[in-house]
Amino acid sequence: MTRSNDLFQQARQTMPGGISHRYRWRLPNPLYVTRAQGAHKWDADGNRYIDYKMGAASQMMGHCHPEITAALQAQAGEAIFAADCNPIEVDWSRKICDMVPSVDQVRFTASGTESTMLAIRIARAFTGRDRILRVDGHYHGWHDHVMKGAKAGSDVPPSLGVPDAIAALTDICPPDAALLNSMLGSGKYAAVLVEASGANYGAVPMAQEILTAAQSAAHANGSLLILDEIITGFRWSPGGRQALAGVTPDLTTMAKIVTGGMPGGAVGGTAKVMAMLDPSVTTRGHTPGVLHQGTFNGAPIVAVAGSVMMDLLADGSAQAHADRIAADIRAGVNALFAKHGIEGLCYGESSTFHLWFGPHNGSMNDISASAIRSPVPKLVTALQDALNRNGVDLMSAMSAVTSAVHNDDDVADTLAAFDRALPEIPAALEAR
Ligand SMILES: Cc1ncc(COP(=O)(O)O)c(C=O)c1O
């Protein structure tokens with residue numbers, strides 16, 4: 001038995017399924033990572049992987065970036081968390097406001113899920129409306145208010161325990177400008193909530209124009225645009241995808257990179273909307289309009305990492321490098337699909353790459369969100385196992401992110417791994 005397998009057997013006794021996150025579940029055992037440095041990580045059995053998970057897309061500057069690690073070490077000796085205001089969050093918030101076009105003010109949270117939960121509450125409070133419109137299959141975390149619509153092609157929450165009364169407050173729309181326009185035209189929505197990249201960091205591609213359409217339809221009908229930049233923020237560009245698309249959402253949700261790869265998140269927005277959180281402002285008899293607490297919000301040990309990360313990403317060069325690495329991988333994998341006679345496409349924007357196995361016309365335009373988001377389990381397992389055996393780990397079944405520290409040797413080694421792994425795939429495809 002391997003050490004990883006032994007750990008999994010122990011873990012299953014004390015944690016349900018042995019895991020702390022649904023998508024870490026894997027048989028015969030998940031990866032148990034003991035060390036992660038730069039673009040690489042090592043498991044409990046000493047195997048090395050080129051990492052394209054990168055802390056669920058949070059470690060944009062690579063694992064244990066020297067400046068972030070040094071800042072964390074210094075801060076750990078000063079104050080980890082006192083539950084008071086601290087000077088570092090002031091500095092950090094200024095940097096975020098300077099980088100993200102629509103953000104006048106920011107409120108820190110303890111996770112991305114908390115960020116979308118707070119943004120929805122603010123939108124409801126600001127507009128006095130309860131209903132939310134969201135885009136089919138976009139992911140916004142795991143709280144009750146974003147479960148319905150999280151599974152592409154389904155209007156049933158993909159979890160028990162979500163009250164019907166909550167699910168009934170959400171309507172789902174495909175990423176279609178005309179439909180967004182007509183649904184928002186009903187004037188009943190507090191907000192339209194959109195994952196800036198399209199579902200699952202762009203696995204289901206979404207044209208930038210959808211963001212513009214969502215913004216104008218929302219504003220024409222008294223709704224807010226909540227843009228979920230929890231993956232795209234500071235990655236697509238220093239100002240996120242909104243800076244590229246020229247949209248200025250009322251609220252932006254952030255996490256992962258904004259916190260320097262530490263646990264936490266943030267909601268940013270226009271001063272007018274963020275005033276709902278200001279205890280010096282009374283709205284309809286509530287002071288402040290929206291109650292928001294959270295023990296670890298803005299903790300200095302998180303703020304210090306976030307603040308350094310903002311500096312490292314401010315000029316866009318790190319993002320440009322990560323984009324170029326992802327583009328090289330996409331081109332290389334597509335050449336390997338051709339070499340091995342596999343019908344498939346490696347595609348994506350920015351510093352991501354996604355894999356599609358099946359017929360296509362050179363783009364993903366005609367492939368439904370539910371088809372993209374429901375790969376055959378046998379295929380997923382075959383691909384993950386084959387890539388892992390060859391020293392590569394992707395972020396999720398068919399998707400991956402690059403970082404500022406992946407280099408050309410990593411690309412060459414990754415393509416060599418795909419070259420060895422792809423011949424194992426046709427058998428899995430036949431099982432469809
Ligand atoms: C677009 C998006 N929104 C929200 C979340 C939820 O963030 P967290 O996992 O920090 O709760 C994620 C997490 O992957 C995400 O990708």
# chains A, B, ... in the order shown; residues from 1 in each chain; ligands from 1

call {"tool": "residues_near_ligand", "arguments": {"ligand": "ligand 1", "cutoff": "6 Å", "atoms": "only C-alpha atoms and all ligand atoms", "output": "list in words"}}
result
Ser111, Gly112, Thr113, Tyr139, His140, Gly141, Glu195, Asp228, Ile230, Ile231 and Ala255 of chain A

call {"tool": "residues_around", "arguments": {"residues": "A:Asp385", "least_positions_apart": "6", "cutoff": "12 Å", "atoms": "only C-alpha atoms", "output": "list in words"}}
result
Arg26, Leu27, Pro28, Asn29, Pro30, Leu31, Lys378, Leu379, Gly391, Val392, Asp393, Leu394, Ala397, Ala417, Phe418, Arg420, Ala421, Leu422, Glu424, Ile425 and Ala428 of chain A

call {"tool": "closest_residue", "arguments": {"among": "A:Val106, A:Ala150, A:Leu184, A:Ile329", "to": "A:Leu224", "atoms": "only C-alpha atoms"}}
result
A:Leu184

call {"tool": "select_by_dssp", "arguments": {"residues": "stretch 130-346 of chain A", "states": "strand (DSSP E)", "output": "VMD selection string"}}
result
chain A and resid 131 to 135 170 to 173 189 to 195 224 to 228 251 to 255 265 to 269 344 to 346

call {"tool": "closest_residue", "arguments": {"among": "A:Leu72, A:Ala371, A:Val405, A:Cys346", "to": "A:His321", "atoms": "only C-alpha atoms"}}
result
A:Val405

call {"tool": "residues_around", "arguments": {"residues": "A:Met309", "least_positions_apart": "4", "cutoff": "7 Å", "atoms": "only C-alpha atoms", "output": "PyMOL selection string"}}
result
chain A and resi 260+305+313

call {"tool": "residues_around", "arguments": {"residues": "A:Thr287", "least_positions_apart": "6", "cutoff": "12 Å", "atoms": "only C-alpha atoms", "output": "PDB file with C-alpha atoms, in the first residue's frame"}}
result
ATOM      1  CA  ALA A 275     -22.693  52.338   1.143  1.00  0.00           C
ATOM      2  CA  MET A 276     -25.178  49.611   2.105  1.00  0.00           C
ATOM      3  CA  LEU A 277     -22.370  48.249   4.322  1.00  0.00           C
ATOM      4  CA  ASP A 278     -21.404  51.587   5.868  1.00  0.00           C
ATOM      5  CA  PRO A 279     -22.457  51.804   9.551  1.00  0.00           C
ATOM      6  CA  SER A 280     -22.708  55.595   9.232  1.00  0.00           C
ATOM      7  CA  VAL A 281     -25.474  55.251   6.631  1.00  0.00           C
TER       8      VAL A 281
END

call {"tool": "residues_around", "arguments": {"residues": "A:Asp328", "least_positions_apart": "5", "cutoff": "9 Å", "atoms": "only C-alpha atoms", "output": "JSON, numbers by chain"}}
result
{"A": [323, 333, 408, 411]}

call {"tool": "closest_residue", "arguments": {"among": "A:Ser403, A:Arg107, A:Glu209, A:Arg330", "to": "A:Lys53", "atoms": "only C-alpha atoms"}}
result
A:Ser403

call {"tool": "closest_residue", "arguments": {"among": "A:Cys173, A:Ala214, A:Cys64, A:Ala322", "to": "A:Asp155", "atoms": "only C-alpha atoms"}}
result
A:Cys173

call {"tool": "select_by_dssp", "arguments": {"residues": "stretch 167-240 of chain A", "states": "helix (DSSP H, G or I)", "output": "list in words"}}
result
Ala167, Ala177, Ala178, Leu179, Leu180, Asn181, Ser182, Met183, Leu184, Ala199, Asn200, Tyr201, Gly202, Gln208, Glu209, Ile210, Leu211, Thr212, Ala213, Ala214, Gln215, Ser216, Ala217, Ala218, His219, Ala220 and Gly240 of chain A

call {"tool": "write_last_selection", "arguments": {"atoms": "C-alpha atoms", "output": "compact mmCIF listing (two decimals), in the first residue's frame"}}
result
# COMPACT_ATOMS: atom_id res chain seq x y z
CA ALA A 167 -34.41 28.02 -5.07
CA ALA A 177 -27.91 38.70 -25.02
CA ALA A 178 -31.50 38.76 -26.30
CA LEU A 179 -32.75 36.43 -23.58
CA LEU A 180 -30.90 38.32 -20.85
CA ASN A 181 -32.49 41.46 -22.16
CA SER A 182 -36.00 40.09 -22.18
CA MET A 183 -35.75 38.40 -18.79
CA LEU A 184 -34.23 41.44 -17.10
CA ALA A 199 -18.95 28.74 -16.82
CA ASN A 200 -16.05 27.09 -15.04
CA TYR A 201 -13.37 29.65 -15.91
CA GLY A 202 -14.28 29.55 -19.56
CA GLN A 208 -17.22 39.45 -23.90
CA GLU A 209 -20.26 41.07 -25.49
CA ILE A 210 -22.50 39.08 -23.12
CA LEU A 211 -21.02 41.09 -20.26
CA THR A 212 -21.84 44.35 -22.00
CA ALA A 213 -25.34 43.09 -22.78
CA ALA A 214 -25.90 41.97 -19.17
CA GLN A 215 -24.75 45.35 -17.90
CA SER A 216 -26.96 47.42 -20.15
CA ALA A 217 -30.02 45.20 -19.66
CA ALA A 218 -29.54 45.23 -15.88
CA HIS A 219 -29.16 48.99 -15.72
CA ALA A 220 -32.10 49.64 -18.03
CA GLY A 240 -9.78 41.32 -14.39

call {"tool": "residues_around", "arguments": {"residues": "A:Arg241", "least_positions_apart": "4", "cutoff": "8 Å", "atoms": "only C-alpha atoms", "output": "short mmCIF file (atom, residue, chain, number, x, y, z; two decimals) with C-alpha atoms, in the first residue's frame"}}
result
data_model
loop_
_atom_site.label_atom_id
_atom_site.label_comp_id
_atom_site.auth_asym_id
_atom_site.auth_seq_id
_atom_site.Cartn_x
_atom_site.Cartn_y
_atom_site.Cartn_z
CA ALA A 196 -16.93 36.71 -15.93
CA SER A 197 -15.23 34.04 -18.05
CA GLU A 229 -14.27 37.51 -10.95
CA THR A 232 -10.71 35.90 -13.65
CA GLY A 233 -9.85 38.74 -11.25
CA TRP A 236 -7.35 37.90 -17.21
CA SER A 237 -5.65 41.28 -16.71
CA ALA A 245 -14.53 43.95 -21.69
#

call {"tool": "residues_around", "arguments": {"residues": "A:Ile96", "least_positions_apart": "2", "cutoff": "10 Å", "atoms": "only C-alpha atoms", "output": "PyMOL selection string"}}
result
chain A and resi 91-94+98-101+103-106+234+238-239+258+266+268+306-307+310-311+314

call {"tool": "write_last_selection", "arguments": {"atoms": "C-alpha atoms", "output": "PDB file, in the first residue's frame"}}
result
ATOM      1  CA  ASP A  91      -3.104  49.441   1.952  1.00  0.00           C
ATOM      2  CA  TRP A  92      -4.479  46.266   0.350  1.00  0.00           C
ATOM      3  CA  SER A  93      -7.919  47.790  -0.284  1.00  0.00           C
ATOM      4  CA  ARG A  94      -6.325  50.846  -1.950  1.00  0.00           C
ATOM      5  CA  ASP A  98      -6.674  51.185  -8.084  1.00  0.00           C
ATOM      6  CA  MET A  99      -6.510  48.001 -10.158  1.00  0.00           C
ATOM      7  CA  VAL A 100     -10.166  47.072 -10.722  1.00  0.00           C
ATOM      8  CA  PRO A 101     -11.988  49.711 -12.780  1.00  0.00           C
ATOM      9  CA  VAL A 103     -14.327  49.113  -7.604  1.00  0.00           C
ATOM     10  CA  ASP A 104     -14.526  52.280  -5.473  1.00  0.00           C
ATOM     11  CA  GLN A 105     -14.662  50.377  -2.211  1.00  0.00           C
ATOM     12  CA  VAL A 106     -14.051  46.844  -1.029  1.00  0.00           C
ATOM     13  CA  PHE A 234      -6.181  39.834 -11.583  1.00  0.00           C
ATOM     14  CA  PRO A 238      -4.613  43.385 -13.682  1.00  0.00           C
ATOM     15  CA  GLY A 239      -8.182  44.711 -13.729  1.00  0.00           C
ATOM     16  CA  VAL A 258      -6.936  38.785  -4.377  1.00  0.00           C
ATOM     17  CA  ALA A 266     -13.678  40.315  -1.191  1.00  0.00           C
ATOM     18  CA  GLY A 268     -15.934  45.392  -4.441  1.00  0.00           C
ATOM     19  CA  GLY A 306      -2.946  39.878  -0.830  1.00  0.00           C
ATOM     20  CA  SER A 307      -1.135  43.175  -0.741  1.00  0.00           C
ATOM     21  CA  MET A 310      -1.410  42.960  -5.947  1.00  0.00           C
ATOM     22  CA  ASP A 311       2.068  44.503  -6.387  1.00  0.00           C
ATOM     23  CA  ALA A 314      -0.020  45.246 -11.179  1.00  0.00           C
TER      24      ALA A 314
END

call {"tool": "closest_residue", "arguments": {"among": "A:Ala203, A:Ala243, A:Ala119, A:Met262", "to": "A:Pro375", "atoms": "only C-alpha atoms"}}
result
A:Ala203

call {"tool": "closest_residue", "arguments": {"among": "A:Phe126, A:Phe337, A:Phe296, A:Trp356", "to": "A:Ala190", "atoms": "only C-alpha atoms"}}
result
A:Phe126
